[in-house]
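Worksheet: one structure, shown below.
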Amino acid sequence: MPTPEAGRAPGHPAPSLPVIDPATGETFDETPDQRPDELDDAVDRARRAWTGWRADPAARTTGLNAAADAVEAAGEDLAPLLTREQGKPLAESYAEVARTAARLRYFADLAPRTRRIDDGRPVHSEIRWRPLGPVAAIVPWNFPLQLASAKFAPALAAGNTVVLKPSPYTPLATRLLGAVLATALPEDVLTVVTGREPLGAHLASHPGIRHVTFTGSVPTGRAVAGAAAASLARVTLELGGNDAAVLLDDVDVDRIADRLFWAAFRNCGQVCMAVKRVYAPARLHAEVVEALAHRAKTVVVGPGLDPDTRLGPVNNAPQLARVERVTQQALAAGARAATGGHRLDGPGYFFAPTILTDVPPDDPVVTEEQFGPVLPVLPYRDLDEAVEAANGTGFGLGGSVWGTDLDRAAATADRLECGTAWINHHAELSLAQPFAGVKDSGVGVAGGPWGLYGNLRPFVVHRPREEER
Ligand code: NAD
């Protein structure tokens, strides 16, 4: 198995950052705390590697398919390391590795189409596509590998090179992934840099970077857009969400309860497009609360490496404190915990899976992104009011509608102001579909061919008229 290199001369110990296992709250490893000058070097190398990488599409296809094979072969090393630093159950880490390989394969075979424009004039314009240059990929801690691959796979397939910066909370699996990819790709085509801020800010504002593709919170996304303005680099932002699930009055609660629960609690609720609030018809509200609370009480919570665990810890101490704070605020404002509402005793960053009722509709646990294992369930009397409430935050990532009459559910889904709306499920994505948030949830489009074109610029060649030959 390749090992990630810190890239320093012997005898000069690198400054490092501790990496904490969220299941114990203890440091178990470290990562280089790289300085801006090391980043400059990585961007320089990415620019030099670009010349060769952009020139040969067939070699890119071969390289990215080989990279997918290498990732799959490294699954036994990548998945446990991911669980150790991120906290998620091991099966979910394996799924993340598999998704990373699948995405590399998907983009390996995707090529932009050269098009002739026929507008009736005797001049022919041909649209070709060109890569942008070195791409900065900045990624959060909830799906470190999967979200990194959503950035580097289309960027590399388009002929760009990539400098990838994971979150300081989850740098290790990404560094190992970088070493694995280096066995299949030309040198410096993809470089992983790790460290604390201002490393990300420096990367986002670096004059050698031509596209900053960022996934993370809304406030950091705004800062990244501001930083990238210095070099006028293209910006793609995939930001926070506060997805609503709207249950219709013909919903079969028994039938959907499992799916709804996991749409909210997968990865301990730390999913950008998790269900973060539920709107249930008043008549069914108690039944919905009971069904979700039963699952929250009985789900096995524990360390991700334990094979019985279905729900791991919150990833880091500040996030745990945030989840606790928004929950306490809601309880103080009159909400009631049908179950949970508190940290779990013992080591690690565990929070009891929580279902909240009687929540004031304007409480921050409803209007903001809790990003943890806490779910408010709100009753409604009038569907128009529920749709208005679902659309009533600054976010617009996803949403879902749940009911038995699928046509009515689809008509309601159509009214949601978001990038993706699901019916009777939530947060399932195909590699081939566009993924984009509206309002504060994002700028630009990722996924499928849109993700590829997001890493390309049009280049137009005008051919002469016959008489001008
Ligand atoms: P974050 O915004 O704190 O950090 C994201 C990344 O940005 C990290 O690598 C961080 O080190 C880096 N960073 C921090 N300050 C920076 C700066 N000034 N300039 C450049 N980079 C900087 O987010 P987080 O807490 O790691 O992740 C959780 C957030 O990510 C949630 O809001 C979640 O909804 C969002 N998210 C969105 C999507 C999506 O696709 N829309 C997917 C997953 C997570």
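In the structure tokens, the first chain shown is A, the next is B, and so on; residue numbers restart at 1 for each chain, and ligands run from 1 in the order shown.
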
Report the closest atom pair, with its distance in Å rounded to one decimal, for each residue of chain A that has an atom no farther than 8 Å from ligand 1; count only C-alpha atoms and all ligand atoms, sort by chain and then rising residue number, and write it as CSV.
residue,atom,partner,partner_atom_place_in_ligand_line,distance
A:Ile138,CA,ligand 1,9 (O),5.2
A:Val139,CA,ligand 1,9 (O),4.5
A:Pro140,CA,ligand 1,26 (O),3.4
A:Trp141,CA,ligand 1,26 (O),4.8
A:Asn142,CA,ligand 1,43 (C),6.2
A:Phe143,CA,ligand 1,43 (C),6.7
A:Leu147,CA,ligand 1,42 (C),6.9
A:Lys165,CA,ligand 1,9 (O),6.0
A:Pro166,CA,ligand 1,9 (O),4.8
A:Ser167,CA,ligand 1,9 (O),3.5
A:Pro168,CA,ligand 1,11 (O),5.7
A:Tyr169,CA,ligand 1,26 (O),8.0
A:Gly195,CA,ligand 1,11 (O),7.9
A:Arg196,CA,ligand 1,11 (O),6.6
A:Glu197,CA,ligand 1,15 (N),6.1
A:Pro198,CA,ligand 1,18 (N),6.5
A:Leu199,CA,ligand 1,20 (C),7.2
A:Gly200,CA,ligand 1,21 (N),3.6
A:Ala201,CA,ligand 1,19 (N),3.4
A:His202,CA,ligand 1,19 (N),7.1
A:Leu203,CA,ligand 1,20 (C),7.0
A:Ala204,CA,ligand 1,20 (C),5.8
A:Phe214,CA,ligand 1,7 (O),7.1
A:Thr215,CA,ligand 1,37 (C),5.1
A:Gly216,CA,ligand 1,30 (O),3.1
A:Ser217,CA,ligand 1,32 (O),3.4
A:Val218,CA,ligand 1,32 (O),6.2
A:Pro219,CA,ligand 1,2 (O),6.7
A:Thr220,CA,ligand 1,2 (O),4.5
A:Gly221,CA,ligand 1,2 (O),6.4
A:Ala223,CA,ligand 1,18 (N),5.5
A:Val224,CA,ligand 1,19 (N),5.0
A:Ala227,CA,ligand 1,19 (N),7.4
A:Leu237,CA,ligand 1,41 (N),7.4
A:Glu238,CA,ligand 1,41 (N),3.7
A:Leu239,CA,ligand 1,41 (N),3.9
A:Gly240,CA,ligand 1,34 (O),3.2
A:Gly241,CA,ligand 1,34 (O),5.1
A:Asn242,CA,ligand 1,34 (O),7.9
A:Gln270,CA,ligand 1,33 (C),7.2
A:Val271,CA,ligand 1,43 (C),5.9
A:Cys272,CA,ligand 1,34 (O),3.6
A:Met273,CA,ligand 1,34 (O),7.0
A:Gln319,CA,ligand 1,25 (O),7.7
A:Glu369,CA,ligand 1,32 (O),7.0
A:Phe371,CA,ligand 1,31 (C),6.7
A:Leu397,CA,ligand 1,41 (N),6.7
A:Phe435,CA,ligand 1,40 (O),7.9
A:Ala436,CA,ligand 1,41 (N),7.6
A:Gly437,CA,ligand 1,41 (N),6.7
A:Ser441,CA,ligand 1,41 (N),6.2
A:Gly442,CA,ligand 1,41 (N),6.7

Convert the current residue selection to file output with N, CA and C atoms, as a compact mmCIF listing (two decimals), in the first residue's frame.
# COMPACT_ATOMS: atom_id res chain seq x y z
N ILE A 138 -11.88 22.04 -2.52
CA ILE A 138 -11.91 22.22 -1.05
C ILE A 138 -13.14 21.49 -0.52
N VAL A 139 -12.92 20.64 0.46
CA VAL A 139 -13.93 19.63 0.80
C VAL A 139 -14.19 19.62 2.32
N PRO A 140 -15.43 19.34 2.75
CA PRO A 140 -15.74 19.27 4.19
C PRO A 140 -15.49 17.87 4.77
N TRP A 141 -15.94 17.68 6.02
CA TRP A 141 -15.58 16.45 6.74
C TRP A 141 -16.65 15.39 6.74
N ASN A 142 -17.81 15.63 6.11
CA ASN A 142 -18.89 14.63 6.26
C ASN A 142 -18.76 13.45 5.29
N PHE A 143 -18.32 13.73 4.05
CA PHE A 143 -18.06 12.65 3.08
C PHE A 143 -16.73 12.95 2.39
N LEU A 147 -17.03 13.34 -1.68
CA LEU A 147 -17.13 14.73 -2.13
C LEU A 147 -15.86 15.17 -2.85
N LYS A 165 -7.80 19.96 -1.07
CA LYS A 165 -7.62 20.21 0.36
C LYS A 165 -8.80 19.65 1.15
N PRO A 166 -8.55 18.58 1.92
CA PRO A 166 -9.61 18.06 2.78
C PRO A 166 -9.77 18.91 4.03
N SER A 167 -10.82 18.63 4.80
CA SER A 167 -11.00 19.30 6.09
C SER A 167 -9.91 18.86 7.05
N PRO A 168 -9.44 19.75 7.93
CA PRO A 168 -8.44 19.34 8.93
C PRO A 168 -8.99 18.25 9.87
N TYR A 169 -10.32 18.07 9.93
CA TYR A 169 -10.88 17.01 10.78
C TYR A 169 -10.75 15.63 10.13
N GLY A 195 -3.83 20.97 6.22
CA GLY A 195 -3.39 21.96 7.21
C GLY A 195 -4.55 22.82 7.66
N ARG A 196 -4.24 23.64 8.65
CA ARG A 196 -5.28 24.52 9.20
C ARG A 196 -5.37 25.80 8.36
N GLU A 197 -6.41 26.58 8.61
CA GLU A 197 -6.52 27.87 7.94
C GLU A 197 -5.33 28.73 8.33
N PRO A 198 -4.80 29.56 7.43
CA PRO A 198 -5.46 30.03 6.19
C PRO A 198 -5.14 29.22 4.94
N LEU A 199 -4.83 27.91 5.09
CA LEU A 199 -4.46 27.15 3.90
C LEU A 199 -5.57 27.19 2.83
N GLY A 200 -6.84 26.98 3.25
CA GLY A 200 -7.95 26.98 2.29
C GLY A 200 -8.13 28.35 1.66
N ALA A 201 -8.05 29.38 2.49
CA ALA A 201 -8.22 30.75 1.97
C ALA A 201 -7.12 31.07 0.96
N HIS A 202 -5.90 30.62 1.27
CA HIS A 202 -4.77 30.87 0.37
C HIS A 202 -4.98 30.12 -0.95
N LEU A 203 -5.48 28.90 -0.86
CA LEU A 203 -5.73 28.12 -2.08
C LEU A 203 -6.82 28.78 -2.92
N ALA A 204 -7.88 29.24 -2.25
CA ALA A 204 -9.01 29.84 -2.99
C ALA A 204 -8.60 31.13 -3.70
N PHE A 214 -15.80 24.21 -4.37
CA PHE A 214 -15.85 24.18 -2.90
C PHE A 214 -17.13 23.51 -2.44
N THR A 215 -17.04 22.66 -1.45
CA THR A 215 -18.22 22.15 -0.76
C THR A 215 -18.04 22.44 0.72
N GLY A 216 -19.05 23.03 1.32
CA GLY A 216 -18.96 23.35 2.75
C GLY A 216 -20.12 24.24 3.16
N SER A 217 -19.91 24.99 4.22
CA SER A 217 -21.01 25.78 4.78
C SER A 217 -21.22 27.08 3.99
N VAL A 218 -22.36 27.69 4.20
CA VAL A 218 -22.69 28.93 3.48
C VAL A 218 -21.69 30.06 3.82
N PRO A 219 -21.40 30.30 5.12
CA PRO A 219 -20.47 31.41 5.40
C PRO A 219 -19.09 31.19 4.77
N THR A 220 -18.57 29.96 4.83
CA THR A 220 -17.24 29.73 4.22
C THR A 220 -17.35 29.85 2.71
N GLY A 221 -18.47 29.41 2.14
CA GLY A 221 -18.67 29.54 0.69
C GLY A 221 -18.61 31.00 0.25
N ALA A 223 -16.96 33.35 1.79
CA ALA A 223 -15.56 33.77 1.90
C ALA A 223 -14.75 33.25 0.72
N VAL A 224 -15.03 32.03 0.29
CA VAL A 224 -14.30 31.44 -0.84
C VAL A 224 -14.61 32.22 -2.12
N ALA A 227 -12.64 35.33 -1.98
CA ALA A 227 -11.19 35.10 -2.19
C ALA A 227 -10.90 34.84 -3.66
N LEU A 237 -19.88 26.36 -6.02
CA LEU A 237 -20.11 26.26 -4.57
C LEU A 237 -21.25 25.30 -4.31
N GLU A 238 -20.97 24.26 -3.52
CA GLU A 238 -22.03 23.36 -3.06
C GLU A 238 -22.12 23.56 -1.56
N LEU A 239 -23.20 24.20 -1.13
CA LEU A 239 -23.24 24.70 0.25
C LEU A 239 -24.30 23.98 1.08
N GLY A 240 -24.63 24.58 2.18
CA GLY A 240 -25.50 23.91 3.14
C GLY A 240 -26.92 23.73 2.63
N GLY A 241 -27.66 22.90 3.35
CA GLY A 241 -29.06 22.66 3.01
C GLY A 241 -29.90 22.61 4.28
N ASN A 242 -31.20 22.79 4.10
CA ASN A 242 -32.14 22.62 5.22
C ASN A 242 -33.40 21.97 4.63
N GLN A 270 -25.35 14.23 9.35
CA GLN A 270 -24.33 15.14 8.79
C GLN A 270 -24.27 14.96 7.27
N VAL A 271 -25.36 15.29 6.64
CA VAL A 271 -25.48 15.17 5.18
C VAL A 271 -26.07 16.49 4.71
N CYS A 272 -25.46 17.09 3.68
CA CYS A 272 -25.98 18.39 3.22
C CYS A 272 -27.44 18.27 2.87
N MET A 273 -27.80 17.17 2.20
CA MET A 273 -29.21 17.02 1.76
C MET A 273 -29.92 15.98 2.61
N GLN A 319 -18.81 20.77 16.36
CA GLN A 319 -20.11 20.41 15.78
C GLN A 319 -21.02 19.80 16.85
N GLU A 369 -29.43 25.13 9.75
CA GLU A 369 -29.00 23.77 9.46
C GLU A 369 -28.40 23.16 10.74
N PHE A 371 -27.38 19.94 11.20
CA PHE A 371 -26.26 19.08 10.79
C PHE A 371 -25.85 18.12 11.90
N LEU A 397 -31.45 23.44 -1.26
CA LEU A 397 -30.67 22.32 -1.81
C LEU A 397 -31.61 21.22 -2.32
N PHE A 435 -26.44 18.23 -10.19
CA PHE A 435 -26.63 18.49 -8.77
C PHE A 435 -26.33 19.96 -8.53
N ALA A 436 -27.34 20.69 -8.09
CA ALA A 436 -27.14 22.13 -7.89
C ALA A 436 -28.11 22.61 -6.83
N GLY A 437 -27.64 23.51 -6.00
CA GLY A 437 -28.53 24.14 -5.03
C GLY A 437 -28.96 25.50 -5.55
N SER A 441 -27.85 27.79 -1.19
CA SER A 441 -27.29 26.44 -1.21
C SER A 441 -26.27 26.20 -2.32
N GLY A 442 -26.05 27.17 -3.18
CA GLY A 442 -24.96 26.93 -4.12
C GLY A 442 -24.99 27.77 -5.37

So that each row is one residue of segment 242-273 of chain A with an atom at most 7 Å from segment 398-406 of chain A, can you give its shortest atom pair and the distance in Å to one decimal, using only C-alpha atoms, rows by chain and rising number, as a Markdown table?
| residue | atom | partner | partner_atom | distance |
| --- | --- | --- | --- | --- |
| A:Asp243 | CA | A:Gly399 | CA | 4.9 |
| A:Ala244 | CA | A:Gly399 | CA | 5.1 |
| A:Ala245 | CA | A:Ser400 | CA | 4.7 |
| A:Val246 | CA | A:Val401 | CA | 4.8 |
| A:Leu247 | CA | A:Trp402 | CA | 4.7 |
| A:Leu248 | CA | A:Gly403 | CA | 5.1 |
| A:Asp250 | CA | A:Gly403 | CA | 5.5 |
| A:Val251 | CA | A:Gly403 | CA | 4.0 |
| A:Asp252 | CA | A:Thr404 | CA | 6.9 |
| A:Met273 | CA | A:Gly398 | CA | 6.0 |

For N, CA, C and O atoms, I'd like the residues from the last selection saved as a CSV table (one decimal), in the first residue's frame.
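Generated file (out-v1.csv):
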chain,number,residue,atom,x,y,z
A,243,ASP,N,-33.2,20.8,4.1
A,243,ASP,CA,-34.2,20.1,3.3
A,243,ASP,C,-35.4,19.8,4.1
A,243,ASP,O,-35.3,19.2,5.2
A,244,ALA,N,-36.6,20.1,3.6
A,244,ALA,CA,-37.9,19.7,4.2
A,244,ALA,C,-38.4,18.5,3.6
A,244,ALA,O,-38.3,18.3,2.4
A,245,ALA,N,-39.1,17.6,4.4
A,245,ALA,CA,-39.9,16.5,3.9
A,245,ALA,C,-41.3,16.9,4.2
A,245,ALA,O,-41.7,17.1,5.4
A,246,VAL,N,-42.1,17.0,3.2
A,246,VAL,CA,-43.6,17.3,3.3
A,246,VAL,C,-44.4,16.0,3.2
A,246,VAL,O,-44.3,15.4,2.1
A,247,LEU,N,-45.0,15.6,4.3
A,247,LEU,CA,-45.9,14.4,4.2
A,247,LEU,C,-47.3,14.8,3.8
A,247,LEU,O,-47.9,15.8,4.4
A,248,LEU,N,-47.9,14.1,2.9
A,248,LEU,CA,-49.3,14.4,2.4
A,248,LEU,C,-50.2,13.6,3.3
A,248,LEU,O,-49.8,12.7,4.0
A,250,ASP,N,-52.4,11.5,2.6
A,250,ASP,CA,-52.6,10.1,2.3
A,250,ASP,C,-51.4,9.2,2.5
A,250,ASP,O,-51.3,8.1,2.0
A,251,VAL,N,-50.4,9.8,3.2
A,251,VAL,CA,-49.2,9.0,3.4
A,251,VAL,C,-49.4,7.8,4.2
A,251,VAL,O,-50.2,7.8,5.2
A,252,ASP,N,-48.7,6.7,3.9
A,252,ASP,CA,-48.8,5.5,4.7
A,252,ASP,C,-47.5,5.5,5.6
A,252,ASP,O,-46.4,5.2,5.2
A,273,MET,N,-27.8,17.2,2.2
A,273,MET,CA,-29.2,17.0,1.8
A,273,MET,C,-29.9,16.0,2.6
A,273,MET,O,-30.7,15.2,2.1

Gap from atom CA of Arg336 of chain A to atom CA of Val359 of chain A - Å, one decimal: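 Between these atoms lies a distance of 7.3 Å.
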
Within 8 Å of segment 23-26 of chain A: each segment 227-306 of chain A residue with its shortest pair, only C-alpha atoms, as a tab-separated table:
residue	atom	partner	partner_atom	distance
A:Gly302	CA	A:Ala23	CA	7.4
A:Pro303	CA	A:Ala23	CA	5.2
A:Gly304	CA	A:Ala23	CA	7.5

Output all heavy atoms for every residue in that selection, as a JSON list (two decimals), in the first residue's frame.
[["chain", "number", "residue", "atom", "x", "y", "z"],
["A", 302, "GLY", "N", -23.01, 3.79, 18.21],
["A", 302, "GLY", "CA", -21.73, 3.35, 18.76],
["A", 302, "GLY", "C", -20.58, 3.68, 17.83],
["A", 302, "GLY", "O", -20.77, 4.38, 16.81],
["A", 303, "PRO", "N", -19.37, 3.19, 18.16],
["A", 303, "PRO", "CA", -18.21, 3.43, 17.30],
["A", 303, "PRO", "C", -18.44, 2.81, 15.92],
["A", 303, "PRO", "O", -18.96, 1.70, 15.82],
["A", 303, "PRO", "CB", -17.06, 2.72, 18.03],
["A", 303, "PRO", "CG", -17.54, 2.52, 19.43],
["A", 303, "PRO", "CD", -19.04, 2.41, 19.36],
["A", 304, "GLY", "N", -18.02, 3.53, 14.89],
["A", 304, "GLY", "CA", -18.24, 3.05, 13.53],
["A", 304, "GLY", "C", -17.56, 1.73, 13.23],
["A", 304, "GLY", "O", -18.00, 1.00, 12.33]]

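Using only C-alpha atoms for every distance, the candidate list A:Ile355, A:Leu375, A:Ala274, A:Leu156 yields A:Ile355 as the residue closest to Lys297 of chain A.
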
- prompt: Taking the backbone alone, and naming residues the way the document does, which bits of segment 110-261 of chain A are alpha helix (DSSP H) by DSSP, as an MDAnalysis selection string?
  reply: chainID A and resid 144:157 172:182 199:204 218:228 253:261

- request: Extract, using only C-alpha atoms, all DNA, RNA and protein residues at most 9 Å from Ala49 of chain A, discarding same-chain residues fewer than 3 positions from it, and format them as a ChimeraX atom specification.
  value: /A:44-46,52-54,161,186-189

message: Taking the DSSP secondary structure from the backbone, can you list the residues of segment 144-256 of chain A that are strand (DSSP E or B), as a list of chain:residue names?
response: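 Strand (DSSP E or B) assignments inside segment 144-256 of chain A correspond to A:Val162, A:Val163, A:Leu164, A:Lys165, A:Leu190, A:Thr191, A:Val192, A:His211, A:Val212, A:Thr213, A:Phe214, A:Thr215, A:Arg234, A:Val235, A:Thr236, A:Leu237, A:Glu238, A:Asp243, A:Ala244, A:Ala245, A:Val246, A:Leu247.
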
What would the file look like if the residues just selected were written as a PDB file, in the first residue's frame with N, CA, C and O atoms?
ATOM      1  N   VAL A 162      -5.380  19.042 -10.393  1.00  0.00           N
ATOM      2  CA  VAL A 162      -6.140  19.351  -9.181  1.00  0.00           C
ATOM      3  C   VAL A 162      -5.229  19.446  -7.957  1.00  0.00           C
ATOM      4  O   VAL A 162      -4.337  18.615  -7.770  1.00  0.00           O
ATOM      5  N   VAL A 163      -5.481  20.478  -7.146  1.00  0.00           N
ATOM      6  CA  VAL A 163      -4.912  20.536  -5.787  1.00  0.00           C
ATOM      7  C   VAL A 163      -6.093  20.391  -4.837  1.00  0.00           C
ATOM      8  O   VAL A 163      -7.028  21.201  -4.870  1.00  0.00           O
ATOM      9  N   LEU A 164      -6.055  19.353  -4.031  1.00  0.00           N
ATOM     10  CA  LEU A 164      -7.199  18.970  -3.200  1.00  0.00           C
ATOM     11  C   LEU A 164      -6.885  19.222  -1.731  1.00  0.00           C
ATOM     12  O   LEU A 164      -5.875  18.755  -1.217  1.00  0.00           O
ATOM     13  N   LYS A 165      -7.798  19.962  -1.068  1.00  0.00           N
ATOM     14  CA  LYS A 165      -7.618  20.210   0.358  1.00  0.00           C
ATOM     15  C   LYS A 165      -8.804  19.646   1.151  1.00  0.00           C
ATOM     16  O   LYS A 165      -9.911  20.162   1.080  1.00  0.00           O
ATOM     17  N   LEU A 190      -2.664  15.206  -9.489  1.00  0.00           N
ATOM     18  CA  LEU A 190      -3.504  15.470  -8.317  1.00  0.00           C
ATOM     19  C   LEU A 190      -2.613  15.517  -7.078  1.00  0.00           C
ATOM     20  O   LEU A 190      -1.846  14.591  -6.836  1.00  0.00           O
ATOM     21  N   THR A 191      -2.684  16.611  -6.325  1.00  0.00           N
ATOM     22  CA  THR A 191      -1.895  16.750  -5.105  1.00  0.00           C
ATOM     23  C   THR A 191      -2.830  17.035  -3.939  1.00  0.00           C
ATOM     24  O   THR A 191      -3.731  17.872  -4.061  1.00  0.00           O
ATOM     25  N   VAL A 192      -2.606  16.345  -2.827  1.00  0.00           N
ATOM     26  CA  VAL A 192      -3.404  16.590  -1.620  1.00  0.00           C
ATOM     27  C   VAL A 192      -2.579  17.464  -0.675  1.00  0.00           C
ATOM     28  O   VAL A 192      -1.413  17.150  -0.398  1.00  0.00           O
ATOM     29  N   HIS A 211     -10.047  27.457 -11.293  1.00  0.00           N
ATOM     30  CA  HIS A 211     -11.420  27.083 -10.890  1.00  0.00           C
ATOM     31  C   HIS A 211     -11.345  26.662  -9.425  1.00  0.00           C
ATOM     32  O   HIS A 211     -10.521  25.811  -9.074  1.00  0.00           O
ATOM     33  N   VAL A 212     -12.184  27.286  -8.606  1.00  0.00           N
ATOM     34  CA  VAL A 212     -12.263  26.873  -7.205  1.00  0.00           C
ATOM     35  C   VAL A 212     -13.580  26.138  -7.035  1.00  0.00           C
ATOM     36  O   VAL A 212     -14.653  26.731  -7.222  1.00  0.00           O
ATOM     37  N   THR A 213     -13.492  24.853  -6.734  1.00  0.00           N
ATOM     38  CA  THR A 213     -14.722  24.101  -6.508  1.00  0.00           C
ATOM     39  C   THR A 213     -14.765  23.716  -5.034  1.00  0.00           C
ATOM     40  O   THR A 213     -13.866  23.055  -4.521  1.00  0.00           O
ATOM     41  N   PHE A 214     -15.796  24.214  -4.366  1.00  0.00           N
ATOM     42  CA  PHE A 214     -15.848  24.180  -2.900  1.00  0.00           C
ATOM     43  C   PHE A 214     -17.132  23.510  -2.439  1.00  0.00           C
ATOM     44  O   PHE A 214     -18.215  23.798  -2.965  1.00  0.00           O
ATOM     45  N   THR A 215     -17.035  22.658  -1.450  1.00  0.00           N
ATOM     46  CA  THR A 215     -18.217  22.152  -0.756  1.00  0.00           C
ATOM     47  C   THR A 215     -18.041  22.438   0.723  1.00  0.00           C
ATOM     48  O   THR A 215     -16.993  22.122   1.306  1.00  0.00           O
ATOM     49  N   ARG A 234     -13.037  30.779 -11.876  1.00  0.00           N
ATOM     50  CA  ARG A 234     -14.419  30.272 -11.830  1.00  0.00           C
ATOM     51  C   ARG A 234     -14.681  29.687 -10.443  1.00  0.00           C
ATOM     52  O   ARG A 234     -13.775  29.120  -9.817  1.00  0.00           O
ATOM     53  N   VAL A 235     -15.919  29.810  -9.980  1.00  0.00           N
ATOM     54  CA  VAL A 235     -16.271  29.301  -8.655  1.00  0.00           C
ATOM     55  C   VAL A 235     -17.477  28.373  -8.768  1.00  0.00           C
ATOM     56  O   VAL A 235     -18.473  28.726  -9.393  1.00  0.00           O
ATOM     57  N   THR A 236     -17.370  27.200  -8.190  1.00  0.00           N
ATOM     58  CA  THR A 236     -18.523  26.313  -8.025  1.00  0.00           C
ATOM     59  C   THR A 236     -18.689  26.084  -6.530  1.00  0.00           C
ATOM     60  O   THR A 236     -17.739  25.682  -5.853  1.00  0.00           O
ATOM     61  N   LEU A 237     -19.876  26.364  -6.017  1.00  0.00           N
ATOM     62  CA  LEU A 237     -20.105  26.262  -4.574  1.00  0.00           C
ATOM     63  C   LEU A 237     -21.255  25.297  -4.314  1.00  0.00           C
ATOM     64  O   LEU A 237     -22.359  25.489  -4.815  1.00  0.00           O
ATOM     65  N   GLU A 238     -20.970  24.263  -3.517  1.00  0.00           N
ATOM     66  CA  GLU A 238     -22.025  23.355  -3.059  1.00  0.00           C
ATOM     67  C   GLU A 238     -22.120  23.557  -1.556  1.00  0.00           C
ATOM     68  O   GLU A 238     -21.231  23.153  -0.810  1.00  0.00           O
ATOM     69  N   ASP A 243     -33.179  20.763   4.076  1.00  0.00           N
ATOM     70  CA  ASP A 243     -34.227  20.119   3.285  1.00  0.00           C
ATOM     71  C   ASP A 243     -35.449  19.785   4.134  1.00  0.00           C
ATOM     72  O   ASP A 243     -35.331  19.230   5.233  1.00  0.00           O
ATOM     73  N   ALA A 244     -36.610  20.088   3.567  1.00  0.00           N
ATOM     74  CA  ALA A 244     -37.879  19.747   4.216  1.00  0.00           C
ATOM     75  C   ALA A 244     -38.439  18.481   3.587  1.00  0.00           C
ATOM     76  O   ALA A 244     -38.323  18.281   2.375  1.00  0.00           O
ATOM     77  N   ALA A 245     -39.061  17.648   4.423  1.00  0.00           N
ATOM     78  CA  ALA A 245     -39.877  16.538   3.927  1.00  0.00           C
ATOM     79  C   ALA A 245     -41.322  16.903   4.223  1.00  0.00           C
ATOM     80  O   ALA A 245     -41.681  17.133   5.384  1.00  0.00           O
ATOM     81  N   VAL A 246     -42.139  16.996   3.168  1.00  0.00           N
ATOM     82  CA  VAL A 246     -43.552  17.332   3.344  1.00  0.00           C
ATOM     83  C   VAL A 246     -44.358  16.041   3.188  1.00  0.00           C
ATOM     84  O   VAL A 246     -44.321  15.402   2.122  1.00  0.00           O
ATOM     85  N   LEU A 247     -45.045  15.639   4.257  1.00  0.00           N
ATOM     86  CA  LEU A 247     -45.873  14.430   4.213  1.00  0.00           C
ATOM     87  C   LEU A 247     -47.297  14.829   3.831  1.00  0.00           C
ATOM     88  O   LEU A 247     -47.854  15.774   4.422  1.00  0.00           O
TER      89      LEU A 247
END

Residue nearest Ala68 of chain A among A:Arg105, A:Arg35, A:Arg48, A:Lys151 (counting only C-alpha atoms):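 Nearest candidate to Ala68 of chain A out of A:Arg105, A:Arg35, A:Arg48, A:Lys151: A:Arg105.
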
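For the pair atom CA of Ile127 of chain A and atom CA of Thr114 of chain A, the separation is 5.5 Å.
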
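Note that atom CA of Ala158 of chain A and atom CA of Arg457 of chain A are 9.8 Å apart.
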
query: Which of these residues is nearest to Gly444 of chain A, using only C-alpha atoms: A:Leu145, A:Ala225, A:Ala98, A:Leu82?
result: A:Ala225

message: For Ala108 of chain A, find every residue with an atom within 6 Å (counting only C-alpha atoms), except residues of its own chain fewer than 3 positions away, and show them as number ranges by chain.
response: A: 61, 64, 104-105, 157

Please, could you write that set of residues out with N, CA, C and O atoms as an mmCIF file, in the first residue's frame?
data_model
loop_
_atom_site.group_PDB
_atom_site.id
_atom_site.type_symbol
_atom_site.label_atom_id
_atom_site.label_comp_id
_atom_site.auth_asym_id
_atom_site.auth_seq_id
_atom_site.Cartn_x
_atom_site.Cartn_y
_atom_site.Cartn_z
ATOM 1 N N THR A 61 -8.530 8.730 -20.144
ATOM 2 C CA THR A 61 -9.500 7.641 -19.948
ATOM 3 C C THR A 61 -8.813 6.429 -19.309
ATOM 4 O O THR A 61 -9.309 5.861 -18.326
ATOM 5 N N LEU A 64 -7.795 7.284 -15.607
ATOM 6 C CA LEU A 64 -8.896 7.374 -14.635
ATOM 7 C C LEU A 64 -9.516 5.999 -14.374
ATOM 8 O O LEU A 64 -9.927 5.701 -13.243
ATOM 9 N N LEU A 104 -15.027 7.827 -10.672
ATOM 10 C CA LEU A 104 -13.857 7.890 -11.563
ATOM 11 C C LEU A 104 -14.163 7.192 -12.879
ATOM 12 O O LEU A 104 -13.855 7.698 -13.958
ATOM 13 N N ARG A 105 -14.820 6.024 -12.787
ATOM 14 C CA ARG A 105 -15.141 5.272 -14.017
ATOM 15 C C ARG A 105 -16.153 6.039 -14.871
ATOM 16 O O ARG A 105 -16.033 6.075 -16.091
ATOM 17 N N ALA A 157 -11.048 14.511 -15.709
ATOM 18 C CA ALA A 157 -11.559 14.013 -16.996
ATOM 19 C C ALA A 157 -11.567 15.120 -18.045
ATOM 20 O O ALA A 157 -11.337 14.885 -19.224
#

Exercise: Asp254 of chain A partners within 10 Å, only C-alpha atoms, chain neighbours under 6 positions left out, as a VMD selection string: chain A and resid 287 to 288 291

message: Counting only C-alpha atoms, which residue out of A:Ala102, A:Ile117, A:Ala411, A:Ala390 sits closest to Ser430 of chain A?
response: A:Ala102

field: Non-local contacts of Ser16 of chain A (8 Å; only C-alpha atoms; under 5 positions in same chain excluded) as a ChimeraX atom specification
entry: /A:30-34,195
